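Data from start_28.cif: mmCIF, C-alpha atoms
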data_protein
loop_
_atom_site.label_atom_id
_atom_site.label_comp_id
_atom_site.auth_asym_id
_atom_site.auth_seq_id
_atom_site.Cartn_x
_atom_site.Cartn_y
_atom_site.Cartn_z
CA MET L 13 -21.59 -67.53 -47.41
CA SER L 14 -19.45 -69.47 -44.97
CA GLU L 15 -15.93 -68.60 -43.85
CA GLN L 16 -14.63 -71.70 -45.64
CA ASN L 17 -16.17 -70.59 -48.92
CA PHE L 18 -14.36 -67.25 -48.71
CA LYS L 19 -11.04 -69.08 -48.59
CA ASP L 20 -11.76 -70.51 -52.02
CA ILE L 21 -12.62 -67.32 -53.92
CA GLN L 22 -10.62 -64.44 -55.36
CA ALA L 23 -10.10 -60.99 -53.82
CA GLY L 24 -12.48 -59.23 -56.20
CA THR L 25 -15.35 -61.50 -55.17
CA LYS L 26 -14.45 -61.11 -51.50
CA ALA L 27 -14.54 -57.34 -51.90
CA VAL L 28 -18.14 -57.60 -53.10
CA TRP L 29 -19.56 -60.28 -50.80
CA ALA L 30 -17.41 -60.74 -47.69
CA GLY L 31 -18.68 -59.70 -44.28
CA GLU L 32 -22.12 -58.49 -45.31
CA LYS L 33 -24.63 -61.34 -45.00
CA GLU L 34 -24.87 -61.25 -41.20
CA SER L 35 -25.54 -57.50 -41.25
CA LEU L 36 -28.34 -57.48 -43.82
CA ALA L 37 -31.90 -56.71 -42.67
CA TYR L 38 -35.43 -56.53 -44.10
CA ASN L 39 -34.41 -58.68 -47.11
CA ALA L 40 -32.18 -55.81 -48.26
CA THR L 41 -29.25 -56.52 -50.56
CA GLN L 42 -27.09 -53.79 -49.03
CA VAL L 43 -25.81 -53.32 -45.48
CA PRO L 44 -27.96 -50.73 -43.67
CA VAL L 45 -26.60 -47.61 -42.02
CA VAL L 46 -27.40 -48.05 -38.33
CA LEU L 47 -27.31 -44.60 -36.76
CA SER L 48 -28.61 -45.46 -33.32
CA VAL L 49 -26.07 -44.49 -30.67
CA ALA L 50 -27.34 -46.99 -28.09
CA TYR L 51 -29.20 -50.33 -28.06
CA ASN L 52 -32.11 -51.35 -25.86
CA TYR L 53 -32.22 -54.46 -23.61
CA GLU L 54 -35.27 -55.45 -21.58
CA ASP L 55 -33.36 -58.33 -20.04
CA ILE L 56 -30.76 -56.80 -17.70
CA ASP L 57 -28.73 -60.01 -17.48
CA GLU L 58 -28.53 -60.26 -21.27
CA TRP L 59 -27.52 -56.60 -21.39
CA HIS L 60 -24.68 -57.29 -18.98
CA GLU L 61 -23.50 -60.37 -20.91
CA VAL L 62 -23.32 -58.33 -24.12
CA ALA L 63 -21.64 -55.43 -22.33
CA ILE L 64 -18.80 -57.57 -20.98
CA GLY L 65 -18.35 -59.43 -24.27
CA ASN L 66 -19.71 -62.83 -23.25
CA LYS L 67 -22.50 -62.59 -25.81
CA PRO L 68 -22.58 -60.96 -29.27
CA GLY L 69 -24.54 -57.75 -29.61
CA TYR L 70 -24.36 -53.98 -29.50
CA ILE L 71 -24.31 -51.60 -26.54
CA TYR L 72 -23.03 -48.18 -27.59
CA ASN L 73 -21.56 -46.98 -30.87
CA ARG L 74 -18.19 -46.09 -29.37
CA MET L 75 -17.77 -49.84 -28.81
CA THR L 76 -19.50 -51.53 -31.73
CA ASN L 77 -21.95 -50.78 -34.53
CA PRO L 78 -23.53 -53.16 -37.08
CA THR L 79 -22.45 -51.13 -40.12
CA VAL L 80 -18.90 -50.66 -38.86
CA GLN L 81 -18.71 -54.33 -37.95
CA ALA L 82 -19.63 -55.33 -41.51
CA LEU L 83 -16.73 -53.25 -42.84
CA GLU L 84 -14.35 -54.69 -40.27
CA GLU L 85 -15.36 -58.19 -41.32
CA LYS L 86 -14.82 -57.44 -45.01
CA VAL L 87 -11.32 -56.10 -44.43
CA ARG L 88 -10.55 -58.98 -42.07
CA ILE L 89 -11.44 -61.54 -44.73
CA LEU L 90 -9.58 -59.71 -47.50
CA GLU L 91 -6.42 -59.56 -45.39
CA GLY L 92 -6.77 -63.10 -44.03
CA ALA L 93 -6.77 -61.87 -40.43
CA GLU L 94 -8.53 -63.22 -37.35
CA ALA L 95 -10.02 -59.87 -36.32
CA ALA L 96 -10.24 -56.24 -37.48
CA ILE L 97 -10.99 -52.93 -35.76
CA GLY L 98 -12.36 -49.78 -37.42
CA PHE L 99 -11.17 -46.25 -36.58
CA SER L 100 -12.16 -42.69 -37.31
CA SER L 101 -9.13 -42.17 -39.60
CA GLY L 102 -6.00 -43.88 -40.83
CA MET L 103 -3.89 -41.91 -38.37
CA ALA L 104 -6.22 -42.98 -35.56
CA ALA L 105 -5.55 -46.60 -36.53
CA ILE L 106 -1.78 -46.04 -36.64
CA SER L 107 -1.47 -44.03 -33.44
CA SER L 108 -3.89 -46.20 -31.45
CA THR L 109 -2.08 -49.37 -32.47
CA LEU L 110 1.33 -47.96 -31.52
CA TYR L 111 0.09 -46.54 -28.22
CA THR L 112 -1.56 -49.86 -27.39
CA PHE L 113 1.72 -51.75 -27.38
CA LEU L 114 4.43 -49.21 -26.51
CA ARG L 115 5.33 -48.14 -22.98
CA PRO L 116 7.99 -45.80 -21.53
CA GLY L 117 11.39 -47.44 -21.93
CA ASP L 118 10.35 -49.55 -24.92
CA ARG L 119 12.20 -49.37 -28.22
CA VAL L 120 10.55 -49.09 -31.64
CA ILE L 121 12.31 -49.35 -34.99
CA SER L 122 10.96 -48.01 -38.25
CA VAL L 123 12.14 -46.40 -41.49
CA LYS L 124 12.67 -42.75 -42.39
CA ASP L 125 10.28 -42.76 -45.33
CA THR L 126 6.98 -43.34 -43.57
CA TYR L 127 4.02 -41.05 -44.16
CA GLY L 128 4.60 -37.62 -42.61
CA GLY L 129 1.99 -38.03 -39.88
CA THR L 130 3.46 -41.37 -38.88
CA ASN L 131 6.93 -39.85 -38.88
CA LYS L 132 5.72 -37.16 -36.47
CA ILE L 133 4.56 -39.85 -34.05
CA PHE L 134 8.06 -41.33 -34.17
CA THR L 135 9.98 -38.07 -33.96
CA GLU L 136 7.76 -35.98 -31.68
CA PHE L 137 5.08 -37.85 -29.71
CA LEU L 138 6.68 -41.19 -28.78
CA PRO L 139 9.96 -39.61 -27.59
CA ASN L 140 7.88 -37.42 -25.26
CA LEU L 141 6.60 -40.65 -23.71
CA ASP L 142 10.16 -41.89 -23.18
CA VAL L 143 9.92 -44.41 -26.01
CA ASP L 144 13.24 -44.97 -27.77
CA VAL L 145 12.75 -44.53 -31.53
CA GLN L 146 15.28 -45.59 -34.15
CA LEU L 147 14.57 -44.65 -37.78
CA CYS L 148 16.62 -46.50 -40.40
CA ASN L 149 17.30 -45.81 -44.06
CA THR L 150 14.46 -47.36 -46.01
CA GLY L 151 15.61 -50.19 -48.22
CA ASN L 152 18.82 -50.71 -46.27
CA HIS L 153 17.82 -54.09 -44.92
CA GLU L 154 21.18 -54.72 -43.29
CA GLU L 155 20.91 -51.51 -41.27
CA ILE L 156 17.38 -52.38 -40.13
CA GLU L 157 18.42 -55.91 -39.18
CA ALA L 158 21.37 -54.62 -37.18
CA GLU L 159 19.14 -52.26 -35.21
CA VAL L 160 16.48 -54.92 -34.65
CA ALA L 161 19.15 -57.32 -33.36
CA LYS L 162 19.81 -54.85 -30.52
CA GLY L 163 16.26 -55.50 -29.38
CA CYS L 164 12.91 -53.75 -29.86
CA LYS L 165 9.28 -54.04 -28.85
CA VAL L 166 7.83 -53.00 -32.23
CA LEU L 167 9.11 -53.04 -35.80
CA TYR L 168 6.94 -50.71 -37.89
CA LEU L 169 7.03 -50.89 -41.70
CA GLU L 170 5.41 -49.17 -44.67
CA SER L 171 5.72 -50.66 -48.16
CA PRO L 172 5.48 -49.05 -50.63
CA THR L 173 6.39 -45.88 -48.76
CA ASN L 174 4.58 -42.58 -49.07
CA PRO L 175 5.63 -40.71 -51.22
CA THR L 176 9.04 -42.11 -52.23
CA MET L 177 7.66 -45.52 -53.28
CA LYS L 178 10.45 -47.48 -51.65
CA ILE L 179 9.98 -51.19 -51.00
CA THR L 180 10.86 -53.26 -47.95
CA ASP L 181 11.38 -57.02 -48.08
CA ILE L 182 8.56 -57.93 -45.70
CA GLU L 183 9.46 -61.59 -45.12
CA ARG L 184 13.06 -60.67 -44.39
CA MET L 185 12.02 -57.99 -41.89
CA VAL L 186 9.55 -60.35 -40.24
CA ARG L 187 12.37 -62.85 -39.65
CA ALA L 188 14.46 -60.12 -38.08
CA GLY L 189 11.62 -58.94 -35.87
CA LYS L 190 10.56 -62.38 -34.72
CA SER L 191 14.15 -63.26 -33.81
CA VAL L 192 13.96 -60.72 -30.98
CA GLY L 193 10.28 -61.18 -30.15
CA ALA L 194 9.17 -57.90 -31.72
CA LEU L 195 5.65 -57.13 -32.87
CA VAL L 196 5.74 -56.43 -36.63
CA ILE L 197 3.25 -53.84 -37.88
CA ILE L 198 2.84 -52.58 -41.45
CA ASP L 199 0.88 -49.85 -43.20
CA ASN L 200 -0.57 -51.58 -46.28
CA THR L 201 -2.52 -48.58 -47.61
CA PHE L 202 -0.64 -48.14 -50.88
CA ALA L 203 -0.59 -51.83 -51.82
CA THR L 204 -4.21 -52.58 -50.73
CA PRO L 205 -5.36 -56.15 -49.94
CA ILE L 206 -5.67 -56.68 -53.68
CA ASN L 207 -1.92 -56.47 -54.25
CA GLN L 208 -0.34 -57.44 -50.93
CA ASN L 209 -1.36 -59.54 -47.92
CA PRO L 210 1.31 -59.00 -45.24
CA ILE L 211 -0.25 -61.41 -42.73
CA GLN L 212 0.54 -64.22 -45.16
CA LEU L 213 4.14 -62.98 -45.03
CA GLY L 214 4.24 -63.19 -41.22
CA VAL L 215 3.28 -59.64 -40.19
CA ASP L 216 1.33 -59.37 -36.93
CA ILE L 217 -0.82 -56.29 -37.58
CA VAL L 218 -1.85 -54.70 -40.88
CA ILE L 219 -3.13 -51.12 -41.00
CA HIS L 220 -5.07 -49.28 -43.70
CA SER L 221 -6.13 -45.71 -44.16
CA ALA L 222 -9.57 -46.73 -45.41
CA THR L 223 -10.03 -43.15 -46.59
CA LYS L 224 -7.82 -43.98 -49.56
CA PHE L 225 -8.15 -46.99 -51.88
CA LEU L 226 -10.65 -48.94 -49.78
CA SER L 227 -13.19 -46.12 -49.98
CA GLY L 228 -11.98 -44.96 -53.38
CA HIS L 229 -14.31 -41.98 -53.68
CA ALA L 230 -12.74 -39.31 -51.44
CA ASP L 231 -15.93 -38.92 -49.42
CA ALA L 232 -15.34 -40.94 -46.24
CA LEU L 233 -12.72 -40.88 -43.51
CA GLY L 234 -11.67 -44.08 -41.77
CA GLY L 235 -8.96 -46.51 -40.77
CA VAL L 236 -8.71 -50.23 -40.07
CA ALA L 237 -6.23 -52.41 -38.17
CA CYS L 238 -6.35 -56.19 -38.38
CA GLY L 239 -4.44 -59.15 -37.00
CA ALA L 240 -4.68 -61.97 -34.45
CA LYS L 241 -7.67 -61.94 -32.06
CA GLU L 242 -5.60 -61.52 -28.92
CA LEU L 243 -3.74 -58.55 -30.35
CA MET L 244 -6.92 -56.95 -31.67
CA LYS L 245 -8.59 -57.29 -28.27
CA LYS L 246 -5.92 -55.00 -26.87
CA VAL L 247 -6.24 -52.53 -29.74
CA TYR L 248 -10.03 -52.59 -29.40
CA HIS L 249 -9.80 -51.79 -25.69
CA TYR L 250 -7.54 -48.81 -26.37
CA ARG L 251 -9.90 -47.50 -29.05
CA GLU L 252 -12.97 -48.15 -26.88
CA ILE L 253 -11.59 -45.98 -24.08
CA ASN L 254 -9.84 -43.33 -26.18
CA GLY L 255 -12.78 -42.99 -28.53
CA ALA L 256 -11.37 -42.81 -32.08
CA THR L 257 -14.32 -44.83 -33.40
CA MET L 258 -15.44 -45.01 -37.03
CA ASP L 259 -18.89 -43.56 -37.62
CA PRO L 260 -21.52 -45.76 -39.34
CA TRP L 261 -22.09 -43.46 -42.29
CA SER L 262 -18.40 -43.50 -43.19
CA ALA L 263 -18.40 -47.28 -42.76
CA TYR L 264 -21.29 -47.57 -45.21
CA LEU L 265 -19.56 -45.39 -47.80
CA ILE L 266 -16.33 -47.37 -47.49
CA LEU L 267 -18.26 -50.64 -47.75
CA ARG L 268 -19.88 -49.41 -50.94
CA GLY L 269 -16.55 -48.26 -52.34
CA MET L 270 -14.87 -51.57 -51.60
CA LYS L 271 -17.17 -53.45 -53.94
CA THR L 272 -15.24 -52.01 -56.88
CA LEU L 273 -11.81 -52.13 -55.20
CA LYS L 274 -10.22 -54.68 -57.52
CA LEU L 275 -11.60 -53.07 -60.68
CA ARG L 276 -10.35 -49.67 -59.58
CA VAL L 277 -6.89 -50.88 -58.55
CA ARG L 278 -6.30 -52.71 -61.82
CA GLN L 279 -7.12 -49.62 -63.91
CA GLN L 280 -5.18 -47.32 -61.59
CA GLU L 281 -2.02 -49.39 -61.75
CA LYS L 282 -2.31 -49.71 -65.52
CA SER L 283 -2.31 -45.92 -65.80
CA ALA L 284 0.42 -45.56 -63.15
CA MET L 285 2.76 -47.76 -65.17
CA GLU L 286 2.16 -45.84 -68.39
CA ILE L 287 2.56 -42.50 -66.64
CA ALA L 288 5.82 -43.69 -65.08
CA LYS L 289 7.17 -44.72 -68.47
CA TYR L 290 6.15 -41.39 -69.95
CA LEU L 291 7.81 -39.42 -67.16
CA GLN L 292 11.06 -41.33 -67.57
CA LYS L 293 11.40 -39.78 -71.04
CA GLN L 294 10.88 -36.18 -69.94
CA LYS L 295 13.96 -33.97 -69.85
CA LEU L 296 12.62 -31.91 -66.95
CA VAL L 297 12.18 -35.00 -64.78
CA GLU L 298 15.12 -35.99 -62.59
CA ALA L 299 13.68 -39.20 -61.16
CA VAL L 300 10.66 -41.47 -61.39
CA ASN L 301 9.67 -43.66 -58.44
CA TYR L 302 7.40 -46.60 -59.23
CA PRO L 303 8.07 -50.20 -58.15
CA GLY L 304 6.62 -51.53 -61.39
CA LEU L 305 9.56 -50.13 -63.35
CA GLU L 306 12.36 -52.64 -63.86
CA THR L 307 14.80 -49.81 -63.11
CA HIS L 308 13.39 -49.43 -59.60
CA PRO L 309 16.13 -50.66 -57.25
CA HIS L 310 13.73 -52.97 -55.39
CA HIS L 311 11.58 -54.03 -58.31
CA HIS L 312 12.56 -57.65 -57.69
CA ILE L 313 11.30 -57.47 -54.10
CA ALA L 314 8.03 -55.83 -55.14
CA LYS L 315 7.55 -58.48 -57.81
CA LYS L 316 8.07 -61.21 -55.21
CA GLN L 317 5.65 -59.95 -52.55
CA MET L 318 3.06 -57.99 -54.55
CA LYS L 319 0.44 -59.14 -57.06
CA GLY L 320 0.47 -55.74 -58.74
CA PHE L 321 2.42 -52.50 -58.26
CA GLY L 322 -0.41 -50.16 -57.31
CA GLY L 323 -1.77 -46.85 -58.51
CA ILE L 324 0.71 -44.47 -56.84
CA LEU L 325 3.96 -43.11 -58.21
CA SER L 326 6.09 -40.03 -57.66
CA PHE L 327 8.57 -38.04 -59.69
CA VAL L 328 11.05 -35.22 -59.13
CA LEU L 329 10.94 -32.11 -61.28
CA LYS L 330 13.93 -29.98 -62.11
CA GLY L 331 13.21 -26.45 -61.04
CA GLU L 332 11.48 -27.75 -57.89
CA MET L 333 8.56 -25.58 -56.70
CA ASP L 334 8.96 -23.10 -59.56
CA ALA L 335 8.34 -25.94 -62.01
CA ILE L 336 5.58 -27.52 -59.92
CA LYS L 337 3.69 -24.22 -59.80
CA ILE L 338 3.73 -24.10 -63.60
CA LEU L 339 2.99 -27.76 -64.32
CA LEU L 340 0.22 -28.71 -61.92
CA PRO L 341 -2.27 -25.89 -62.69
CA LYS L 342 -2.18 -26.88 -66.38
CA LEU L 343 -3.44 -30.40 -65.71
CA GLN L 344 -7.09 -30.74 -66.69
CA TYR L 345 -7.92 -34.25 -65.49
CA ALA L 346 -6.42 -34.12 -62.04
CA ASN L 347 -7.29 -32.79 -58.62
CA LYS L 348 -4.51 -30.94 -56.84
CA ALA L 349 -5.31 -32.19 -53.35
CA GLY L 350 -3.98 -33.91 -50.23
CA ASN L 351 -5.54 -37.30 -50.86
CA LEU L 352 -4.91 -40.47 -52.84
CA GLY L 353 -6.60 -43.68 -53.95
CA ALA L 354 -9.69 -41.96 -55.37
CA VAL L 355 -11.40 -42.56 -58.70
CA GLU L 356 -10.06 -39.18 -59.86
CA THR L 357 -6.37 -38.70 -60.57
CA ILE L 358 -4.66 -36.59 -57.90
CA TYR L 359 -1.36 -34.69 -58.01
CA GLY L 360 0.43 -33.02 -55.12
CA PRO L 361 3.93 -32.08 -53.89
CA ALA L 362 5.12 -33.66 -50.65
CA ARG L 363 5.26 -30.28 -48.90
CA THR L 364 1.46 -29.89 -49.18
CA THR L 365 0.41 -33.55 -49.02
CA SER L 366 2.25 -36.43 -47.33
CA HIS L 367 4.77 -34.31 -45.40
CA VAL L 368 2.96 -31.01 -44.89
CA GLU L 369 3.61 -31.36 -41.14
CA CYS L 370 7.37 -31.38 -41.74
CA THR L 371 9.65 -28.42 -42.26
CA LEU L 372 11.85 -28.04 -45.33
CA GLU L 373 14.85 -29.18 -43.31
CA GLU L 374 12.96 -32.22 -41.99
CA ARG L 375 11.88 -33.22 -45.50
CA LYS L 376 15.46 -32.93 -46.76
CA ALA L 377 16.67 -35.08 -43.85
CA LEU L 378 14.11 -37.69 -44.86
CA GLY L 379 15.35 -37.67 -48.46
CA ILE L 380 12.30 -35.91 -49.91
CA PRO L 381 13.23 -33.26 -52.51
CA GLU L 382 11.14 -30.11 -52.88
CA GLY L 383 10.61 -31.06 -56.51
CA LEU L 384 8.86 -34.32 -55.63
CA VAL L 385 5.30 -34.72 -56.87
CA ARG L 386 3.07 -37.65 -55.91
CA ILE L 387 0.56 -38.96 -58.43
CA SER L 388 -2.43 -41.08 -57.50
CA ALA L 389 -3.72 -42.44 -60.79
CA GLY L 390 -7.49 -42.51 -61.09
CA ILE L 391 -9.77 -44.68 -63.17
CA GLU L 392 -9.85 -42.36 -66.19
CA ASP L 393 -8.77 -43.68 -69.57
CA THR L 394 -4.99 -43.97 -69.57
CA GLU L 395 -4.64 -42.28 -72.95
CA ASP L 396 -6.37 -39.14 -71.68
CA LEU L 397 -4.10 -38.94 -68.64
CA ILE L 398 -1.01 -39.18 -70.85
CA SER L 399 -2.34 -36.54 -73.25
CA ASP L 400 -3.03 -34.29 -70.30
CA LEU L 401 0.55 -34.68 -69.11
CA GLU L 402 1.88 -33.99 -72.61
CA GLN L 403 0.16 -30.63 -72.88
CA ALA L 404 1.16 -29.70 -69.33
CA PHE L 405 4.83 -30.54 -69.95
CA ALA L 406 4.77 -28.65 -73.24
CA HIS L 407 3.60 -25.60 -71.33
CA LEU L 408 6.25 -26.14 -68.64
CA GLU L 409 9.06 -26.35 -71.19
CA SER L 410 7.89 -23.12 -72.80
CA GLN L 411 7.98 -21.35 -69.45
CA LEU L 412 11.21 -22.57 -67.84
CA PRO L 413 14.68 -21.32 -68.86
CA VAL L 414 16.22 -23.20 -71.78
CA THR L 415 19.28 -24.05 -69.67
CA VAL L 416 17.14 -26.02 -67.24
CA ALA L 417 15.27 -27.84 -69.98
CA ALA L 418 18.49 -28.82 -71.68
CA ASN L 419 19.99 -30.38 -68.57
CA LYS L 420 18.54 -33.84 -69.01
CA ASP L 421 19.46 -36.32 -66.31
CA ILE L 422 16.90 -39.01 -65.65
CA ASN L 423 19.37 -41.06 -63.61
CA ASN L 424 18.28 -44.16 -65.56
CA GLY L 425 14.88 -43.95 -63.89
CA ARG L 426 16.30 -45.14 -60.56
CA GLY L 427 14.66 -42.52 -58.41
CA MET L 428 16.27 -40.68 -55.55
CA GLY L 429 17.87 -41.47 -52.28
CA TYR L 430 17.80 -45.27 -52.37
CA ASP L 431 20.03 -47.40 -50.20
CA THR L 432 20.36 -50.67 -52.04
#
Rewrite the coordinates I just gave you, this time as structure tokens.
Amino acid sequence: MSEQNFKDIQAGTKAVWAGEKESLAYNATQVPVVLSVAYNYEDIDEWHEVAIGNKPGYIYNRMTNPTVQALEEKVRILEGAEAAIGFSSGMAAISSTLYTFLRPGDRVISVKDTYGGTNKIFTEFLPNLDVDVQLCNTGNHEEIEAEVAKGCKVLYLESPTNPTMKITDIERMVRAGKSVGALVIIDNTFATPINQNPIQLGVDIVIHSATKFLSGHADALGGVACGAKELMKKVYHYREINGATMDPWSAYLILRGMKTLKLRVRQQEKSAMEIAKYLQKQKLVEAVNYPGLETHPHHHIAKKQMKGFGGILSFVLKGEMDAIKILLPKLQYANKAGNLGAVETIYGPARTTSHVECTLEERKALGIPEGLVRISAGIEDTEDLISDLEQAFAHLESQLPVTVAANKDINNGRGMGYDT
């Protein structure tokens, strides 16, 4: 199927067909797993032409691999990018992309609510390289614009954020970044290419933890960055030399998972919405964070730039860890694990999932309460997930002091810590 034909079809069809035809072999209908580390050339001149990039082909798996290349092409087409690069993990994609473009003395601006690993790059690793890092209050667009106006090399975004589910106006931030010549990068893991295409909104580089929704089955680790060819050449060179390459078996598993991406996302966000509505009514819940709720302070922005609101939400329990330790073990149809985007529903507090690398004080400074629980809705029947929550909350209410249970304050479902 030609590149032009892919422009005329929907994301679900792209997820099934895009990027695979050129990698098929032996009349197979599925992309093969090519495990060979190196590739043989009898013609030395041809070998050299492939090695220096003048001719397509494969040399060594740290550079390129047919299976990985098929995945890169699929993500590229889904995101509407010119090129894509696969990595060994989502953090490899994030760190490699940042290290590609930042040098000592450069300035990078981001938000406080990024994923904990990303936050550590901003607060620990980049400052050690003499990179000036400014983290702004997520959702405070005026504050971000004011900092960007002072000048920066990179503006790094994440929307929705992990795990607070805050939303950034991408087009507005792109305008701010471009006004000072900044490179705008975004982590699009939570939204997926099904619900959000940041390149169409002006972003330069889009990053995914392919481990999550793209794979969808919690059995493969990987990351992908995509954008303009000239930018991706630089990212590719960094990855080629530093070695954080995706392995072909993981690429195959992610390719297989992506065929059902749209189906999974639509069921996951259906359940996420119903779970969010249910949690809003619970007297032991202080806040519910889901951009699909009309009470979310940036619902209007999410509605403008997203096709759907995704399968992730979070909520804050009264009683914090005491309550979490009672509630989570009672859930029957949920893994308690440090992952998201899988076919199974997953629950986890921030202190053991997204921000396990951060101390209690660091999490508080980032606006992440100890009572926050992230939910990644799976593809189970929504009614069963709600029933599971009902029995777990009934158990929780029977265990916690009556004074806590009586102190109902849902804060109108707004969530916590937003700067509107």
For L:Lys319, find every residue with an atom within 12 Å (counting all atoms listed in the file), except residues of its own chain fewer than 3 positions away, and show them as a tab-separated table (two decimals) with C-alpha atoms, in the coordinates of the input.
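As a result, out-v7.tsv now contains:
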chain	number	residue	atom	x	y	z
L	23	ALA	CA	-10.10	-60.99	-53.82
L	203	ALA	CA	-0.59	-51.83	-51.82
L	204	THR	CA	-4.21	-52.58	-50.73
L	205	PRO	CA	-5.36	-56.15	-49.94
L	206	ILE	CA	-5.67	-56.68	-53.68
L	207	ASN	CA	-1.92	-56.47	-54.25
L	208	GLN	CA	-0.34	-57.44	-50.93
L	209	ASN	CA	-1.36	-59.54	-47.92
L	210	PRO	CA	1.31	-59.00	-45.24
L	274	LYS	CA	-10.22	-54.68	-57.52
L	277	VAL	CA	-6.89	-50.88	-58.55
L	278	ARG	CA	-6.30	-52.71	-61.82
L	281	GLU	CA	-2.02	-49.39	-61.75
L	303	PRO	CA	8.07	-50.20	-58.15
L	304	GLY	CA	6.62	-51.53	-61.39
L	313	ILE	CA	11.30	-57.47	-54.10
L	314	ALA	CA	8.03	-55.83	-55.14
L	315	LYS	CA	7.55	-58.48	-57.81
L	316	LYS	CA	8.07	-61.21	-55.21
L	322	GLY	CA	-0.41	-50.16	-57.31
Exercise for the section: Pick out the residues sitting within 10 Å of L:Asp396, and hand them over as a ChimeraX atom specification; count all atoms listed in the file, and ignore anything fewer than 3 positions along from it in its own chain. Expected result: /L:283,344-345,392-393,399-402
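For the structure shown here, the set of residues caught by the PyMOL selection byres ((chain L and resi 85-87) around 9) is Lys26, Ala27, Val28, Trp29, Ala30, Gly31, Glu32, Val80, Gln81, Ala82, Leu83, Glu84, Arg88, Ile89, Leu90, Glu91, Gly92, Ala93, Ala95, Ala96, Ile97, Pro205, Leu226, Val236, Ala237, Cys238, Leu267 and Met270 of chain L.
In this model, the gap between atom CA of L:Val192 and atom CA of L:Gly163 comes to 5.9 Å.
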Problem - Contact residues around stretch 177-191 of chain L with all atoms listed in the file at 9 Å, ignoring same-chain residues under 3 positions, as an NGL selection string - result: :L and (125 or 150-153 or 156-158 or 160-161 or 163-167 or 169-174 or 194-196 or 198 or 210 or 213-216 or 301-303 or 308-311 or 313-314 or 316-317 or 324-326 or 430)
Exercise for the section: Using only C-alpha atoms, determine which residues lie at most 9 Å from L:Thr109, disregarding the query and same-chain residues fewer than 5 positions distant; provide the list as a list in words. Expected result: Ala104, Leu114, Ile197, Ile217, Ile219, Ala237, Lys246, Val247, Tyr250 and Arg251 of chain L
I need the chosen residues saved as a JSON list (two decimals), in the coordinates of the input, with C-alpha atoms.
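The resulting file, again02.json, is shown below:
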[["chain", "number", "residue", "atom", "x", "y", "z"],
["L", 104, "ALA", "CA", -6.22, -42.98, -35.56],
["L", 114, "LEU", "CA", 4.43, -49.21, -26.51],
["L", 197, "ILE", "CA", 3.25, -53.84, -37.88],
["L", 217, "ILE", "CA", -0.82, -56.29, -37.58],
["L", 219, "ILE", "CA", -3.13, -51.12, -41.00],
["L", 237, "ALA", "CA", -6.23, -52.41, -38.17],
["L", 246, "LYS", "CA", -5.92, -55.00, -26.87],
["L", 247, "VAL", "CA", -6.24, -52.53, -29.74],
["L", 250, "TYR", "CA", -7.54, -48.81, -26.37],
["L", 251, "ARG", "CA", -9.90, -47.50, -29.05]]
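Candidate residues L:Leu273, L:Ala63, L:Ile338, L:Val385 were compared for distance to L:Ala299, and the nearest is L:Val385, using only C-alpha atoms.
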Spatial neighbours of stretch 254-259 of chain L, max dist 6 Å, all atoms listed in the file, sep filter under 2 positions, as a tab-separated table (two decimals) with C-alpha atoms, in the coordinates of the input:
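Final output, around_2.tsv:
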chain	number	residue	atom	x	y	z
L	74	ARG	CA	-18.19	-46.09	-29.37
L	98	GLY	CA	-12.36	-49.78	-37.42
L	99	PHE	CA	-11.17	-46.25	-36.58
L	100	SER	CA	-12.16	-42.69	-37.31
L	250	TYR	CA	-7.54	-48.81	-26.37
L	251	ARG	CA	-9.90	-47.50	-29.05
L	252	GLU	CA	-12.97	-48.15	-26.88
L	261	TRP	CA	-22.09	-43.46	-42.29
L	262	SER	CA	-18.40	-43.50	-43.19
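One finds atom CA of L:Ala263 at 11.0 Å from atom CA of L:Asp231.
Distance-wise, atom CA of L:Ile336 and atom CA of L:Leu384 end up 8.7 Å apart.
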Practice task
Enumerate, as a VMD selection string, the residues matched when the PyMOL selection byres ((chain L and resi 148) around 6) is run on the file above.
Solution key: chain L and resid 123 to 124 147 149 156
Problem - Selection under test: the PyMOL selection byres ((chain L and resi 48) around 9); residues as a list in words - result: Val46, Leu47, Val49, Ala50, Tyr51, Tyr72, Asn73 and Asn77 of chain L
